[in-house]
>>> print(open('protein13.cif').read())   # mmCIF, C-alpha atoms
data_coords
loop_
_atom_site.label_atom_id
_atom_site.label_comp_id
_atom_site.auth_asym_id
_atom_site.auth_seq_id
_atom_site.Cartn_x
_atom_site.Cartn_y
_atom_site.Cartn_z
CA MET A 24 -111.09 -108.04 53.98
CA SER A 25 -108.76 -105.20 53.20
CA ASN A 26 -108.65 -101.93 54.96
CA PRO A 27 -109.41 -99.04 52.62
CA ASP A 28 -107.09 -96.73 54.48
CA GLN A 29 -104.16 -99.14 54.13
CA ASP A 30 -104.78 -99.60 50.40
CA SER A 31 -104.69 -95.88 49.93
CA ASP A 32 -101.33 -95.58 51.67
CA TYR A 33 -99.82 -98.40 49.58
CA THR A 34 -100.96 -96.79 46.35
CA ALA A 35 -99.32 -93.56 47.34
CA LEU A 36 -95.99 -95.22 48.22
CA ARG A 37 -95.65 -97.40 45.08
CA PRO A 38 -94.33 -94.72 42.63
CA LYS A 39 -91.61 -93.73 45.08
CA LYS A 40 -90.45 -97.33 45.38
CA LEU A 41 -90.33 -97.68 41.59
CA LYS A 42 -88.20 -94.55 41.24
CA ILE A 43 -85.78 -95.81 43.89
CA ALA A 44 -85.50 -99.17 42.18
CA LEU A 45 -84.87 -97.53 38.80
CA LEU A 46 -82.15 -95.31 40.24
CA ALA A 47 -80.51 -98.29 41.88
CA PHE A 48 -80.52 -100.18 38.59
CA LEU A 49 -78.97 -97.27 36.65
CA LEU A 50 -76.30 -96.80 39.30
CA ALA A 51 -75.39 -100.48 39.17
CA ALA A 52 -75.17 -100.39 35.36
CA ALA A 53 -72.88 -97.35 35.42
CA CYS A 54 -70.58 -98.98 37.94
CA HIS A 55 -70.45 -102.13 35.82
CA LYS A 56 -69.52 -100.07 32.70
CA GLU A 57 -66.77 -98.22 34.56
CA ALA A 58 -65.36 -101.48 35.85
CA ALA A 59 -65.44 -102.94 32.34
CA GLU A 60 -63.60 -99.89 30.91
CA GLU A 61 -60.90 -100.17 33.58
CA HIS A 62 -60.20 -103.78 32.61
CA ALA A 63 -60.57 -103.26 28.81
CA PRO A 64 -57.32 -103.23 26.66
CA VAL A 65 -56.07 -99.71 25.85
CA ASP A 66 -55.51 -100.49 22.11
CA SER A 67 -59.18 -100.98 21.49
CA TYR A 68 -59.85 -97.30 22.19
CA VAL A 69 -56.64 -95.60 20.86
CA THR A 70 -56.24 -94.84 17.08
CA VAL A 71 -52.92 -96.14 15.71
CA ALA A 72 -51.66 -94.28 12.63
CA VAL A 73 -50.28 -96.40 9.77
CA VAL A 74 -47.17 -94.65 8.41
CA GLN A 75 -44.08 -95.16 6.30
CA SER A 76 -40.51 -94.47 7.35
CA ALA A 77 -37.02 -94.25 5.88
CA PRO A 78 -33.58 -94.21 7.48
CA VAL A 79 -31.35 -91.20 7.97
CA PHE A 80 -27.94 -91.81 6.39
CA ARG A 81 -24.61 -90.22 5.53
CA GLY A 82 -23.83 -89.66 1.87
CA ASP A 83 -23.09 -87.21 -0.93
CA LEU A 84 -25.70 -84.59 -1.79
CA ILE A 85 -25.85 -83.43 -5.40
CA GLU A 86 -27.54 -80.06 -5.79
CA ARG A 87 -29.44 -79.76 -9.05
CA VAL A 88 -30.59 -76.94 -11.27
CA THR A 89 -34.11 -77.43 -12.64
CA ALA A 90 -35.46 -75.84 -15.81
CA ARG A 91 -38.15 -76.47 -18.40
CA GLY A 92 -37.59 -76.67 -22.13
CA ILE A 93 -38.40 -78.21 -25.50
CA CYS A 94 -37.29 -81.51 -27.05
CA ARG A 95 -35.66 -81.39 -30.47
CA ALA A 96 -34.35 -84.04 -32.84
CA GLY A 97 -30.62 -84.57 -32.41
CA ASN A 98 -30.06 -84.13 -36.13
CA SER A 99 -32.36 -82.25 -38.48
CA THR A 100 -31.91 -80.73 -41.93
CA SER A 101 -33.95 -79.09 -44.65
CA ILE A 102 -33.90 -80.93 -47.99
CA ARG A 103 -33.87 -78.61 -51.02
CA PRO A 104 -32.92 -79.20 -54.67
CA ARG A 105 -29.45 -77.91 -55.54
CA LEU A 106 -30.67 -76.97 -59.04
CA ALA A 107 -33.77 -75.51 -60.64
CA GLY A 108 -35.95 -77.98 -62.54
CA ILE A 109 -39.02 -80.19 -62.54
CA LEU A 110 -39.41 -82.98 -59.99
CA ALA A 111 -39.52 -86.26 -61.88
CA ALA A 112 -40.11 -88.39 -58.76
CA VAL A 113 -40.57 -88.11 -54.98
CA PRO A 114 -40.15 -91.74 -53.83
CA VAL A 115 -40.85 -91.13 -50.10
CA ARG A 116 -43.89 -90.32 -47.96
CA GLU A 117 -44.45 -88.38 -44.75
CA GLY A 118 -43.19 -90.36 -41.76
CA ASP A 119 -41.07 -92.81 -43.79
CA ARG A 120 -37.89 -94.02 -42.14
CA VAL A 121 -35.02 -93.76 -44.62
CA LYS A 122 -31.40 -94.80 -44.56
CA GLU A 123 -28.36 -92.71 -45.40
CA GLY A 124 -27.94 -92.51 -49.19
CA GLN A 125 -31.57 -93.37 -49.98
CA ILE A 126 -33.09 -91.23 -52.78
CA LEU A 127 -35.47 -88.52 -51.55
CA LEU A 128 -36.01 -86.36 -54.67
CA GLN A 129 -35.31 -86.81 -58.38
CA LEU A 130 -35.18 -83.94 -60.90
CA GLU A 131 -35.69 -84.39 -64.63
CA LYS A 132 -32.21 -84.94 -66.11
CA ASP A 133 -32.60 -84.26 -69.84
CA TYR A 134 -31.32 -80.67 -69.81
CA TYR A 135 -28.36 -81.47 -67.57
CA ARG A 136 -27.54 -84.62 -69.54
CA ILE A 137 -27.20 -82.54 -72.73
CA ALA A 138 -25.03 -79.98 -70.89
CA LEU A 139 -22.76 -82.80 -69.69
CA GLN A 140 -22.39 -84.23 -73.21
CA GLU A 141 -21.52 -80.76 -74.56
CA ALA A 142 -18.89 -80.29 -71.82
CA ARG A 143 -17.35 -83.64 -72.70
CA ALA A 144 -17.15 -82.64 -76.39
CA ASN A 145 -15.50 -79.31 -75.53
CA TYR A 146 -12.99 -81.08 -73.33
CA LEU A 147 -12.16 -83.50 -76.12
CA GLN A 148 -11.66 -80.61 -78.57
CA ALA A 149 -9.41 -78.77 -76.08
CA SER A 150 -7.39 -81.96 -75.58
CA ILE A 151 -6.78 -82.18 -79.29
CA GLU A 152 -5.72 -78.52 -79.43
CA TYR A 153 -3.43 -79.07 -76.45
CA GLY A 154 -1.77 -81.99 -78.26
CA LYS A 155 -1.21 -79.91 -81.36
CA LYS A 156 0.41 -77.06 -79.44
CA GLN A 157 2.65 -79.49 -77.58
CA GLY A 158 3.78 -80.93 -80.89
CA GLU A 159 4.45 -77.47 -82.33
CA ARG A 160 6.49 -76.49 -79.29
CA LYS A 161 8.63 -79.61 -79.46
CA SER A 162 9.28 -79.03 -83.16
CA SER A 163 10.33 -75.43 -82.61
CA MET A 164 12.59 -76.48 -79.71
CA ALA A 165 14.25 -79.05 -81.93
CA GLY A 166 14.97 -76.38 -84.55
CA SER A 167 15.94 -73.79 -81.92
CA LEU A 168 13.50 -71.42 -83.56
CA HIS A 169 11.28 -70.77 -80.52
CA PRO A 170 11.56 -67.34 -78.92
CA ASP A 171 12.65 -66.94 -75.35
CA GLU A 172 9.21 -66.76 -73.71
CA SER A 173 10.73 -65.46 -70.50
CA SER A 174 11.55 -62.25 -72.33
CA PHE A 175 7.86 -61.30 -72.52
CA LEU A 176 7.83 -60.51 -68.79
CA ASN A 177 10.73 -60.02 -66.41
CA LEU A 178 9.92 -61.99 -63.24
CA GLU A 179 12.28 -60.06 -60.97
CA HIS A 180 10.92 -56.71 -62.13
CA ALA A 181 7.32 -57.95 -61.77
CA GLU A 182 7.89 -59.12 -58.18
CA ILE A 183 9.47 -55.77 -57.21
CA GLN A 184 6.60 -53.90 -58.83
CA LEU A 185 3.99 -56.05 -56.99
CA ALA A 186 5.65 -55.46 -53.61
CA GLN A 187 5.65 -51.70 -54.16
CA VAL A 188 2.01 -51.56 -55.35
CA THR A 189 0.95 -53.74 -52.40
CA ARG A 190 2.45 -51.28 -49.91
CA GLU A 191 0.77 -48.38 -51.68
CA PHE A 192 -2.57 -50.23 -51.77
CA ASN A 193 -2.43 -50.93 -48.03
CA THR A 194 -1.85 -47.23 -47.32
CA GLY A 195 -4.48 -46.10 -49.83
CA ALA A 196 -1.98 -44.60 -52.32
CA ALA A 197 -2.81 -47.19 -55.03
CA SER A 198 -6.23 -48.30 -56.27
CA GLU A 199 -7.55 -51.86 -56.18
CA GLU A 200 -7.39 -51.99 -59.98
CA GLU A 201 -3.65 -51.16 -59.92
CA PHE A 202 -3.06 -53.83 -57.27
CA LEU A 203 -4.93 -56.53 -59.24
CA ARG A 204 -3.06 -55.62 -62.47
CA ALA A 205 0.35 -55.85 -60.73
CA ARG A 206 -0.56 -59.22 -59.20
CA ALA A 207 -1.74 -60.61 -62.56
CA GLU A 208 1.49 -59.43 -64.25
CA CYS A 209 3.58 -61.13 -61.56
CA GLU A 210 1.66 -64.42 -61.88
CA ALA A 211 2.04 -64.33 -65.67
CA ALA A 212 5.78 -63.69 -65.33
CA ARG A 213 6.14 -66.72 -63.06
CA LEU A 214 4.26 -68.85 -65.59
CA PHE A 215 6.47 -67.75 -68.49
CA ALA A 216 9.64 -68.13 -66.42
CA ASP A 217 8.80 -71.74 -65.50
CA PRO A 218 10.77 -74.19 -67.69
CA ASN A 219 7.75 -76.52 -67.65
CA LYS A 220 5.42 -75.01 -70.28
CA GLU A 221 2.61 -77.59 -70.05
CA PRO A 222 0.38 -75.40 -67.80
CA LEU A 223 0.84 -72.47 -70.17
CA ILE A 224 -0.06 -74.55 -73.19
CA ALA A 225 -3.07 -76.00 -71.33
CA TYR A 226 -4.39 -72.48 -70.75
CA GLN A 227 -3.68 -71.41 -74.32
CA SER A 228 -5.45 -74.44 -75.77
CA GLY A 229 -8.51 -74.05 -73.53
CA LEU A 230 -7.88 -77.43 -71.89
CA SER A 231 -7.94 -76.08 -68.32
CA HIS A 232 -11.16 -74.12 -68.86
CA SER A 233 -12.94 -77.02 -70.56
CA TYR A 234 -11.85 -79.38 -67.78
CA TYR A 235 -13.51 -77.23 -65.09
CA GLN A 236 -16.60 -76.86 -67.26
CA LEU A 237 -16.77 -80.64 -67.51
CA LEU A 238 -16.52 -80.99 -63.72
CA LYS A 239 -19.36 -78.49 -63.27
CA ALA A 240 -21.58 -80.25 -65.82
CA GLN A 241 -20.93 -83.61 -64.19
CA GLY A 242 -21.76 -82.14 -60.75
CA ASP A 243 -25.02 -80.62 -62.04
CA PHE A 244 -26.04 -83.95 -63.56
CA ASP A 245 -25.28 -85.81 -60.32
CA ASN A 246 -27.17 -83.18 -58.27
CA CYS A 247 -30.40 -84.03 -60.09
CA THR A 248 -30.64 -86.86 -57.55
CA ILE A 249 -31.03 -85.76 -53.88
CA SER A 250 -30.22 -88.48 -51.35
CA ALA A 251 -30.56 -88.66 -47.57
CA PRO A 252 -27.41 -87.27 -45.87
CA PHE A 253 -28.13 -89.44 -42.80
CA SER A 254 -30.67 -91.99 -41.61
CA GLY A 255 -33.85 -90.48 -40.23
CA VAL A 256 -37.57 -89.82 -40.67
CA VAL A 257 -39.22 -87.80 -43.45
CA ALA A 258 -41.19 -84.82 -42.09
CA GLY A 259 -42.94 -81.78 -43.56
CA LEU A 260 -43.13 -83.24 -47.08
CA SER A 261 -44.58 -80.59 -49.41
CA ALA A 262 -43.32 -81.68 -52.87
CA ARG A 263 -45.00 -83.85 -55.47
CA ALA A 264 -43.80 -85.32 -58.78
CA GLY A 265 -44.29 -82.79 -61.58
CA ASP A 266 -43.86 -79.75 -59.34
CA PRO A 267 -41.28 -77.11 -60.25
CA ALA A 268 -38.42 -76.92 -57.75
CA SER A 269 -35.55 -74.57 -56.96
CA PRO A 270 -32.78 -74.20 -54.37
CA ALA A 271 -34.95 -71.65 -52.53
CA GLN A 272 -37.74 -74.20 -51.98
CA GLU A 273 -37.82 -76.59 -49.02
CA CYS A 274 -39.34 -79.88 -50.18
CA LEU A 275 -39.10 -81.81 -46.91
CA LYS A 276 -37.22 -82.16 -43.65
CA LEU A 277 -35.16 -85.10 -42.49
CA VAL A 278 -35.04 -85.63 -38.72
CA ASP A 279 -33.09 -88.16 -36.67
CA PHE A 280 -34.47 -88.94 -33.19
CA SER A 281 -31.88 -91.58 -32.26
CA GLN A 282 -30.29 -88.70 -30.37
CA LEU A 283 -32.40 -86.11 -28.61
CA ILE A 284 -31.57 -82.50 -27.74
CA VAL A 285 -33.43 -80.76 -24.93
CA GLU A 286 -33.23 -76.97 -25.18
CA ILE A 287 -33.74 -75.19 -21.87
CA GLY A 288 -33.25 -71.71 -20.42
CA ILE A 289 -31.41 -71.46 -17.09
CA LEU A 290 -31.66 -68.35 -14.96
CA GLU A 291 -28.61 -66.12 -14.99
CA THR A 292 -28.34 -66.53 -11.19
CA GLU A 293 -27.92 -70.32 -11.57
CA ILE A 294 -25.88 -70.67 -14.77
CA GLU A 295 -22.55 -70.50 -12.90
CA ASN A 296 -23.39 -73.86 -11.30
CA VAL A 297 -23.78 -75.61 -14.67
CA ARG A 298 -20.80 -77.06 -16.54
CA PRO A 299 -20.44 -78.83 -19.92
CA GLY A 300 -20.57 -82.58 -19.40
CA ALA A 301 -22.75 -82.34 -16.27
CA GLY A 302 -25.24 -85.20 -15.93
CA ALA A 303 -28.93 -84.48 -16.35
CA ARG A 304 -32.23 -86.26 -15.79
CA VAL A 305 -35.09 -85.31 -18.12
CA ASN A 306 -38.81 -85.95 -17.65
CA VAL A 307 -41.04 -85.52 -20.70
CA ALA A 308 -44.54 -84.32 -19.86
CA ALA A 309 -46.18 -86.53 -22.50
CA LEU A 310 -44.31 -89.66 -21.28
CA PRO A 311 -44.32 -89.34 -17.47
CA ALA A 312 -43.26 -92.95 -16.88
CA ASN A 313 -39.97 -92.51 -18.75
CA GLU A 314 -37.00 -90.69 -17.22
CA LEU A 315 -34.25 -89.95 -19.73
CA ARG A 316 -30.60 -89.40 -18.84
CA GLY A 317 -28.10 -87.29 -20.73
CA CYS A 318 -25.46 -84.61 -20.30
CA VAL A 319 -24.98 -80.92 -20.96
CA THR A 320 -23.28 -80.32 -24.32
CA THR A 321 -23.82 -76.63 -25.07
CA ILE A 322 -23.92 -73.50 -22.90
CA SER A 323 -24.51 -70.22 -24.70
CA PRO A 324 -22.20 -67.30 -23.84
CA LEU A 325 -25.19 -64.94 -24.11
CA ILE A 326 -28.02 -64.06 -21.71
CA ASP A 327 -31.46 -63.42 -23.18
CA GLN A 328 -32.28 -59.83 -22.26
CA ARG A 329 -36.02 -60.49 -22.14
CA THR A 330 -36.12 -63.66 -20.02
CA ARG A 331 -32.75 -63.25 -18.22
CA THR A 332 -31.94 -66.87 -19.03
CA CYS A 333 -29.05 -68.66 -20.72
CA HIS A 334 -29.64 -71.16 -23.54
CA VAL A 335 -28.40 -74.66 -22.61
CA GLU A 336 -28.62 -77.90 -24.60
CA ILE A 337 -28.73 -81.44 -23.19
CA ARG A 338 -28.00 -84.38 -25.50
CA ILE A 339 -29.61 -87.76 -24.82
CA GLU A 340 -29.18 -91.17 -26.46
CA HIS A 341 -32.71 -92.06 -27.56
CA PRO A 342 -32.76 -95.33 -29.56
CA ASP A 343 -36.51 -96.02 -29.17
CA CYS A 344 -37.40 -92.62 -30.75
CA ARG A 345 -40.59 -92.23 -28.67
CA VAL A 346 -40.15 -88.52 -27.96
CA LYS A 347 -41.37 -86.17 -30.67
CA ASP A 348 -39.92 -82.86 -31.76
CA GLY A 349 -41.53 -80.02 -29.79
CA MET A 350 -42.56 -81.97 -26.67
CA PHE A 351 -42.23 -80.19 -23.31
CA ALA A 352 -39.67 -81.49 -20.82
CA THR A 353 -38.27 -80.72 -17.38
CA ALA A 354 -34.52 -81.14 -16.87
CA HIS A 355 -32.68 -81.62 -13.58
CA ILE A 356 -28.98 -80.89 -14.06
CA ASP A 357 -26.31 -82.01 -11.59
CA ALA A 358 -24.61 -78.90 -10.26
CA GLN A 359 -22.57 -79.01 -7.03
CA SER A 360 -21.69 -82.15 -5.04
CA HIS A 361 -21.29 -82.04 -1.23
CA LYS A 362 -19.59 -84.93 0.52
CA ASN A 363 -20.48 -86.92 3.67
CA LEU A 364 -23.61 -85.11 4.87
CA LEU A 365 -26.28 -86.43 7.26
CA LEU A 366 -29.27 -86.77 4.94
CA ALA A 367 -33.00 -87.40 5.39
CA PRO A 368 -35.71 -87.78 2.73
CA LYS A 369 -37.07 -84.37 1.83
CA ARG A 370 -40.68 -85.53 2.24
CA ALA A 371 -39.97 -86.30 5.91
CA VAL A 372 -39.53 -82.59 6.76
CA LEU A 373 -42.62 -80.67 7.94
CA GLN A 374 -43.07 -77.12 9.18
CA ARG A 375 -44.64 -76.09 12.49
CA ASP A 376 -44.56 -72.49 13.70
CA ASP A 377 -42.13 -71.63 10.88
CA ARG A 378 -39.69 -74.28 12.09
CA ASP A 379 -38.61 -77.50 10.38
CA LEU A 380 -39.32 -80.78 12.12
CA VAL A 381 -39.37 -84.50 11.53
CA PHE A 382 -41.06 -87.39 13.34
CA ILE A 383 -38.60 -89.99 14.64
CA VAL A 384 -39.70 -93.59 15.19
CA ARG A 385 -39.00 -94.61 18.82
CA HIS A 386 -40.71 -97.68 20.40
CA ASN A 387 -43.69 -97.50 18.00
CA LEU A 388 -44.23 -93.86 18.88
CA ALA A 389 -43.81 -90.78 16.69
CA LYS A 390 -41.41 -88.38 18.41
CA TRP A 391 -41.68 -84.73 17.42
CA CYS A 392 -38.15 -83.45 16.67
CA TYR A 393 -37.18 -79.95 15.53
CA VAL A 394 -34.28 -79.93 13.07
CA GLU A 395 -31.98 -77.41 11.44
CA THR A 396 -31.75 -78.12 7.73
CA GLY A 397 -29.03 -77.17 5.24
CA ARG A 398 -28.44 -77.98 1.59
CA GLN A 399 -31.07 -79.94 -0.32
CA ASN A 400 -32.14 -81.28 -3.70
CA ASP A 401 -35.36 -82.80 -4.99
CA GLU A 402 -34.94 -85.96 -2.89
CA TYR A 403 -32.87 -85.30 0.22
CA VAL A 404 -32.16 -82.57 2.74
CA GLU A 405 -29.15 -82.08 4.98
CA ILE A 406 -29.79 -82.36 8.75
CA LYS A 407 -27.31 -80.01 10.46
CA SER A 408 -28.65 -80.42 14.03
CA SER A 409 -31.72 -81.74 15.86
CA ASP A 410 -33.39 -81.56 19.29
CA LEU A 411 -33.29 -85.34 19.78
CA ASN A 412 -29.75 -85.88 18.48
CA LEU A 413 -30.78 -87.52 15.23
CA VAL A 414 -28.05 -89.92 14.05
CA GLU A 415 -27.34 -92.18 11.10
CA GLY A 416 -29.67 -95.18 11.13
CA ASP A 417 -32.60 -93.47 12.91
CA HIS A 418 -35.88 -93.80 11.05
CA VAL A 419 -38.01 -90.77 10.21
CA LEU A 420 -41.60 -90.79 8.97
CA THR A 421 -42.09 -90.06 5.28
CA ASP A 422 -45.82 -90.68 4.77
CA GLY A 423 -48.97 -90.57 6.92
CA HIS A 424 -47.36 -88.14 9.39
CA PHE A 425 -48.88 -84.79 8.43
CA ALA A 426 -51.55 -84.77 11.19
CA LEU A 427 -49.62 -86.59 13.93
CA VAL A 428 -48.86 -85.23 17.38
CA HIS A 429 -45.95 -85.94 19.68
CA ASP A 430 -45.90 -89.50 21.07
CA ALA A 431 -48.70 -90.63 18.75
CA PRO A 432 -48.87 -94.45 18.50
CA ILE A 433 -47.88 -95.63 15.00
CA GLN A 434 -47.61 -98.75 12.93
CA VAL A 435 -44.80 -98.60 10.34
CA ARG A 436 -45.42 -100.37 7.06
CA THR A 437 -42.67 -101.31 4.64
CA GLU A 438 -42.38 -99.07 1.56
#
>>> encode(input="protein13.cif", output="structure tokens")
Amino acid sequence: MSNPDQDSDYTALRPKKLKIALLAFLLAAACHKEAAEEHAPVDSYVTVAVVQSAPVFRGDLIERVTARGICRAGNSTSIRPRLAGILAAVPVREGDRVKEGQILLQLEKDYYRIALQEARANYLQASIEYGKKQGERKSSMAGSLHPDESSFLNLEHAEIQLAQVTREFNTGAASEEEFLRARAECEAARLFADPNKEPLIAYQSGLSHSYYQLLKAQGDFDNCTISAPFSGVVAGLSARAGDPASPAQECLKLVDFSQLIVEIGILETEIENVRPGAGARVNVAALPANELRGCVTTISPLIDQRTRTCHVEIRIEHPDCRVKDGMFATAHIDAQSHKNLLLAPKRAVLQRDDRDLVFIVRHNLAKWCYVETGRQNDEYVEIKSSDLNLVEGDHVLTDGHFALVHDAPIQVRTE
């Protein structure tokens, strides 16, 4: 039989024993965890940054001048009729590709055909008159009845008179009318003094005048047909068959994109670094995947007073004709070249406390290294000196390094 006093003491002591047991258990668990952490591998608790790297090397640095501009067709012209008339045919459409010599516009020819036939008739009549006068001259020469034509004008006197009037005209003592009259008299004297009288007879018979009229009429008739001066694409077509046309009216444009011109404005402070023939890389905003290469062909001698820029043109071979007239582009022009520099990728350089630094790869650790930089372009920067004696062949981090600290563990992946 139990003693009530003993049971009461046991009940009072039981919570204390439970607390002690619980504390002992927690202490043992903590010791076990600490022992496990001491023997656990370090890598399982340290974050390793995955980065990219690139080598430092010695090479030539080409400084570039960058500017934005507009793409233009390498060859472009406005097509207008050379004569006034009615368009009989317009055998092309907007966007058509045409070859050199292909017909673009056709004027009605009836009026110009009649003018050509009339000019031919006049020329034939003048030829007959010329023949008659030649025959008369030969007959008079045979009978020695012709007058001495050289007596009409004395060539020596006419030349002396022209020289004197010319001097007076240059000093303002003679009028323009007097000068022109003296020159005409001298030219006539030379014509009469020439033993060969065929040119004189040609003028007298109207042969020379009718010949030039015939050439003009033939040219007008031929100009009723307007052909492509070079191969290209039809643009801005505004003419239709039956419309009136004149030389003042633009009917269409012909553009050739097989060569491309990029027009840019370069700041006056940078234009001295640009030379004709300098290489250039061009990126078109609408075609970001395509980088075009060309060279500087034109540098204006003038500076725009409003923008303080100089107009420069870059010509590019462009056989696929993907770029359109008016597209925006960014040009990078080769300016100065510097030989045998220690170079690092530009994206490797960071700034901390207003100082340049790079992370060097050493034994899978990122080493913080302050550097002094020099010349640079869009891709590379010159390393003039460094805290850790950076040399050719050392690898520097180029990606994944923005938030790293000194001696951070890293894993370099291949670019």
>>> closest_residue(input="protein13.cif", among="A:Gly255, A:Gly423, A:Gly288, A:Gly302", to="A:Ile322", atoms="all atoms listed in the file")
A:Gly288
>>> closest_residue(input="protein13.cif", among="A:Gly118, A:Asn246, A:Leu275, A:Thr189", to="A:Leu106", atoms="all atoms listed in the file")
A:Asn246
>>> residues_around(input="protein13.cif", residues="A:Val74", least_positions_apart="5", cutoff="8 Å", atoms="all atoms listed in the file", output="NGL selection string")
:A and (420-424 or 433-436)
>>> write_last_selection(input="protein13.cif", atoms="C-alpha atoms", output="PDB file, keeping the file's coordinate frame")
ATOM      1  CA  LEU A 420     -41.600 -90.790   8.970  1.00  0.00           C
ATOM      2  CA  THR A 421     -42.090 -90.060   5.280  1.00  0.00           C
ATOM      3  CA  ASP A 422     -45.820 -90.680   4.770  1.00  0.00           C
ATOM      4  CA  GLY A 423     -48.970 -90.570   6.920  1.00  0.00           C
ATOM      5  CA  HIS A 424     -47.360 -88.140   9.390  1.00  0.00           C
ATOM      6  CA  ILE A 433     -47.880 -95.630  15.000  1.00  0.00           C
ATOM      7  CA  GLN A 434     -47.610 -98.750  12.930  1.00  0.00           C
ATOM      8  CA  VAL A 435     -44.800 -98.600  10.340  1.00  0.00           C
ATOM      9  CA  ARG A 436     -45.420-100.370   7.060  1.00  0.00           C
TER      10      ARG A 436
END
>>> resolve_selection(input="protein13.cif", expression="the PyMOL selection byres ((chain A and resi 431) around 12)", output="MDAnalysis selection string")
chainID A and resid 69:74 382:391 423:430 432:434
>>> closest_residue(input="protein13.cif", among="A:Thr330, A:Ser150, A:Gln140, A:Thr89", to="A:Gln241", atoms="all atoms listed in the file")
A:Gln140
>>> closest_residue(input="protein13.cif", among="A:Val404, A:Val381, A:Leu237, A:Asp245", to="A:Ala149", atoms="only C-alpha atoms")
A:Leu237
>>> atom_distance(input="protein13.cif", atom1="atom CA of A:Arg91", atom2="atom CA of A:Lys369")
21.7 Å
>>> closest_atom_pairs(input="protein13.cif", of="stretch 240-327 of chain A", to="stretch 335-343 of chain A", cutoff="6 Å", atoms="all atoms listed in the file", output="tab-separated table")
residue	atom	partner	partner_atom	distance
A:Ser281	CA	A:Pro342	CA	4.7
A:Gln282	CA	A:Glu340	CA	4.8
A:Leu283	CA	A:Ile339	CA	5.0
A:Ile284	CA	A:Arg338	CA	4.6
A:Val285	CA	A:Ile337	CA	5.1
A:Glu286	CA	A:Glu336	CA	4.7
A:Ile287	CA	A:Val335	CA	5.4
A:Gly317	CA	A:Ile339	CA	4.4
A:Cys318	CA	A:Ile337	CA	5.4
A:Val319	CA	A:Ile337	CA	4.4
A:Thr320	CA	A:Ile337	CA	5.7
A:Thr321	CA	A:Glu336	CA	5.0
A:Ile322	CA	A:Val335	CA	4.6
>>> write_last_selection(input="protein13.cif", atoms="C-alpha atoms", output="CSV table (one decimal), in the frame of the given file")
chain,number,residue,atom,x,y,z
A,281,SER,CA,-31.9,-91.6,-32.3
A,282,GLN,CA,-30.3,-88.7,-30.4
A,283,LEU,CA,-32.4,-86.1,-28.6
A,284,ILE,CA,-31.6,-82.5,-27.7
A,285,VAL,CA,-33.4,-80.8,-24.9
A,286,GLU,CA,-33.2,-77.0,-25.2
A,287,ILE,CA,-33.7,-75.2,-21.9
A,317,GLY,CA,-28.1,-87.3,-20.7
A,318,CYS,CA,-25.5,-84.6,-20.3
A,319,VAL,CA,-25.0,-80.9,-21.0
A,320,THR,CA,-23.3,-80.3,-24.3
A,321,THR,CA,-23.8,-76.6,-25.1
A,322,ILE,CA,-23.9,-73.5,-22.9
>>> atom_distance(input="protein13.cif", atom1="atom CA of A:Ile249", atom2="atom CA of A:Gly124")
8.8 Å
>>> residues_near_point(input="protein13.cif", point="(-18.9, -78.3, -73.9)", cutoff="12 Å", atoms="all atoms listed in the file", output="JSON, numbers by chain")
{"A": [135, 136, 137, 138, 139, 140, 141, 142, 143, 144, 145, 146, 147, 148, 149, 229, 230, 232, 233, 234, 235, 236, 237, 238, 239, 240, 241]}
>>> atom_distance(input="protein13.cif", atom1="atom CA of A:Ala196", atom2="atom CA of A:Glu182")
18.5 Å
>>> closest_residue(input="protein13.cif", among="A:Arg87, A:Arg345, A:Arg81, A:Arg375", to="A:Lys407", atoms="all atoms listed in the file")
A:Arg81
>>> resolve_selection(input="protein13.cif", expression="the PyMOL selection byres ((chain A and resi 276) around 8)", output="PDB file with C-alpha atoms, in the coordinates of the input")
ATOM      1  CA  SER A  99     -32.360 -82.250 -38.480  1.00  0.00           C
ATOM      2  CA  THR A 100     -31.910 -80.730 -41.930  1.00  0.00           C
ATOM      3  CA  SER A 101     -33.950 -79.090 -44.650  1.00  0.00           C
ATOM      4  CA  ILE A 102     -33.900 -80.930 -47.990  1.00  0.00           C
ATOM      5  CA  VAL A 257     -39.220 -87.800 -43.450  1.00  0.00           C
ATOM      6  CA  ALA A 258     -41.190 -84.820 -42.090  1.00  0.00           C
ATOM      7  CA  GLY A 259     -42.940 -81.780 -43.560  1.00  0.00           C
ATOM      8  CA  LEU A 260     -43.130 -83.240 -47.080  1.00  0.00           C
ATOM      9  CA  GLU A 273     -37.820 -76.590 -49.020  1.00  0.00           C
ATOM     10  CA  CYS A 274     -39.340 -79.880 -50.180  1.00  0.00           C
ATOM     11  CA  LEU A 275     -39.100 -81.810 -46.910  1.00  0.00           C
ATOM     12  CA  LEU A 277     -35.160 -85.100 -42.490  1.00  0.00           C
ATOM     13  CA  VAL A 278     -35.040 -85.630 -38.720  1.00  0.00           C
TER      14      VAL A 278
END
>>> closest_residue(input="protein13.cif", among="A:Asn363, A:Ser254, A:Gln374, A:Asn193", to="A:Asp279", atoms="only C-alpha atoms")
A:Ser254
>>> resolve_selection(input="protein13.cif", expression="the PyMOL selection byres ((chain A and resi 354) around 9)", output="ChimeraX atom specification")
/A:88-92,285,287,303-307,337,352-353,355-356
>>> residues_around(input="protein13.cif", residues="A:Leu130", least_positions_apart="5", cutoff="10 Å", atoms="only C-alpha atoms", output="VMD selection string")
chain A and resid 104 to 113 135 244 246 to 249 264 to 268
